[in-house]
Amino acid sequence: MELKKISFASDNNSGIHPTILHAIEQSNNGHCFAYGKDPITQRGEMAIKKEFGQDTEVFFVFNGTGANVLAVKSVVRSWQSVICAGISHLNEDECGAAEMAVGCKLIPLTEKNGKISVEQIADHLTWLGDEHRAQPKLVSITQPTEYGTLYTPEEINELAVFCKQNNLLLHMDGARIANAAVALSLSLRASTRDLGVDILSFGGTKNGMLMGEAVLFFTPGLTTETKYFRKQNMQLFSKMRFVGAQFDAYLNNNLWQHNASHSNQMASILFEQIKDVPNIQFPLPVQANAVFAIIPTLAIERLQQEFPFYVFNEKTNLIRWMCSFDTQKEDVIHFASRIRETMLSL
Ligand SMILES: Cc1ncc(COP(=O)(O)O)c(C=O)c1O
């Protein structure tokens with residue numbers, strides 16, 4: 001079946017990078033113990049430890065929602081709360097998974113360009129020790145944010161220092177952390193652990209992997225129950241070698257960097273091509289692999305007939321155009337010219 005070649009809907013609308021597919025195929029040659037007790041899974045774990053530090057604790061899971069939920073479940077009890085952006089995937093796009101699995105309260109904050117601040121978190125630390133209030137335990141941020149924007153390293157570090165001072169843990173939803181790291185010209189470790197992040201949901205699916213994410217714990221003492229919660233929450237993959245093989249290939253060939261640089265660059269080209277088109281507003285800076293814009297309803301309808309993309313906010317007509325590791329430059333140029341023609345024809 002022939003699928004659409006050009007889409008700006010999401011980086012997880014793309015297929016699998018050939019290097020990843022090859023790594024899966026190479027691992028498909030016999031029997032080995034299941035549930036991660038095999039040499040290929042160990043290779044994947046070693047690749048992660050090489051990147052993030054040997055004492056990193058690694059838990060492979062199926063998907064990004066599972067990674068976020070396992071991160072929360074590991075450190076938060078039902079009487080505690082998680083402070084996050086209202087727009088965060090954890091709060092808005094996981095069908096209440098964390099609330100169900102952990103039974104805790106999420107405290108969604110009004111974000112600014114996708115980001116939350118120390119001052120906002122501080123506002124929720126006034127009733128500590130009061131049994132009538134859910135007690136804040138974890139702050140969760142997304143990097144890049146759901147709006148394709150970036151926390152600066154200083155902002156992350158400020159959040160981390162504040163969390164440590166206030167007995168909170170800092171979780172980062174890094175479903176697209178590769179895009180952030182390359183945009184900031186930092187290593188994966190320097191953009192996460194070294195800034196004070198305690199727990200990372202380390203994604204690869206959106207950047208060329210087939211499936212499988214990893215929850216990484218950098219701070220000791222947080223994982224005494226994690227392996228049980230992973231199984232109980234249906235995130236323990238029996239044929240785990242195929243996740244390990246992907247992470248091994250993803251990290252050892254610098255594929256993460258290559259793919260993320262490419263998708264970021266495609267978004268940047270798209271923005272450059274259309275930034276002067278009349279009547280388009282760009283309410284958010286383009287900092288990773290997504291371009292957000294506000295365009296009239298008629299333009300949305302016409303463009304969507306040719307190119308799949310999502311409307312993020314139906315009230316404001318905020319739309320998202322997202323680039324992927326396999327987005328072609330000529331397709332970006334073509335799309336940009338169709339945007340221009342469409343806008344001029346209204
Ligand atoms: C910021 C963010 N976190 C996590 C996820 C994980 O989602 P999934 O459970 O679909 O793998 C996504 C997917 O869109 C996302 O955008």
# chains A, B, ... in the order shown; residues from 1 in each chain; ligands from 1
$ select_by_dssp --residues "stretch 72-200 of chain A" --states "helix (DSSP H, G or I)" --output "PyMOL selection string"
chain A and resi 72-75+89-92+97-102+118-122+153-165+177-183+193-195
$ select_by_dssp --residues "stretch 132-234 of chain A" --states "strand (DSSP E)" --output "PyMOL selection string"
chain A and resi 135-142+169-174+199-202+213-217
$ residues_around --residues "stretch 313-325 of chain A" --least-positions-apart "2" --cutoff "6 Å" --atoms "only C-alpha atoms" --output "PyMOL selection string"
chain A and resi 8-11+259+262-263+267+289-294+310-311+327
$ residues_near_ligand --ligand "ligand 1" --cutoff "9 Å" --atoms "only C-alpha atoms and all ligand atoms" --output "ChimeraX atom specification"
/A:10-12,62-68,88-90,93-94,142-146,173-176,201,203,205-206,211-213
$ closest_residue --among "A:Gln305, A:Ser238, A:Pro220, A:Gln273" --to "A:Asp55" --atoms "only C-alpha atoms"
A:Pro220
$ residues_around --residues "A:Ala288" --least-positions-apart "2" --cutoff "6 Å" --atoms "only C-alpha atoms" --output "number ranges by chain"
A: 148, 179, 264, 290
$ closest_residue --among "A:Met46, A:Leu344, A:Leu298, A:Val58" --to "A:Phe202" --atoms "only C-alpha atoms"
A:Val58
$ closest_residue --among "A:Leu195, A:Leu170, A:Val69, A:Ile116" --to "A:Ile87" --atoms "only C-alpha atoms"
A:Ile116
$ residues_around --residues "A:Val161" --least-positions-apart "6" --cutoff "12 Å" --atoms "only C-alpha atoms" --output "MDAnalysis selection string"
chainID A and resid 118 139 154:155 167:170 194:198
$ closest_residue --among "A:Leu109, A:Leu138, A:Ile295, A:Leu255" --to "A:Val76" --atoms "only C-alpha atoms"
A:Leu138
$ closest_residue --among "A:Gln80, A:Ser185, A:Thr226, A:Asn279" --to "A:His132" --atoms "only C-alpha atoms"
A:Gln80
$ closest_residue --among "A:Thr219, A:Asn252, A:Gln257, A:Ser27" --to "A:Ile177" --atoms "only C-alpha atoms"
A:Gln257
$ residues_around --residues "A:Thr110" --least-positions-apart "5" --cutoff "12 Å" --atoms "only C-alpha atoms" --output "number ranges by chain"
A: 83-88, 91, 115-117, 119-121
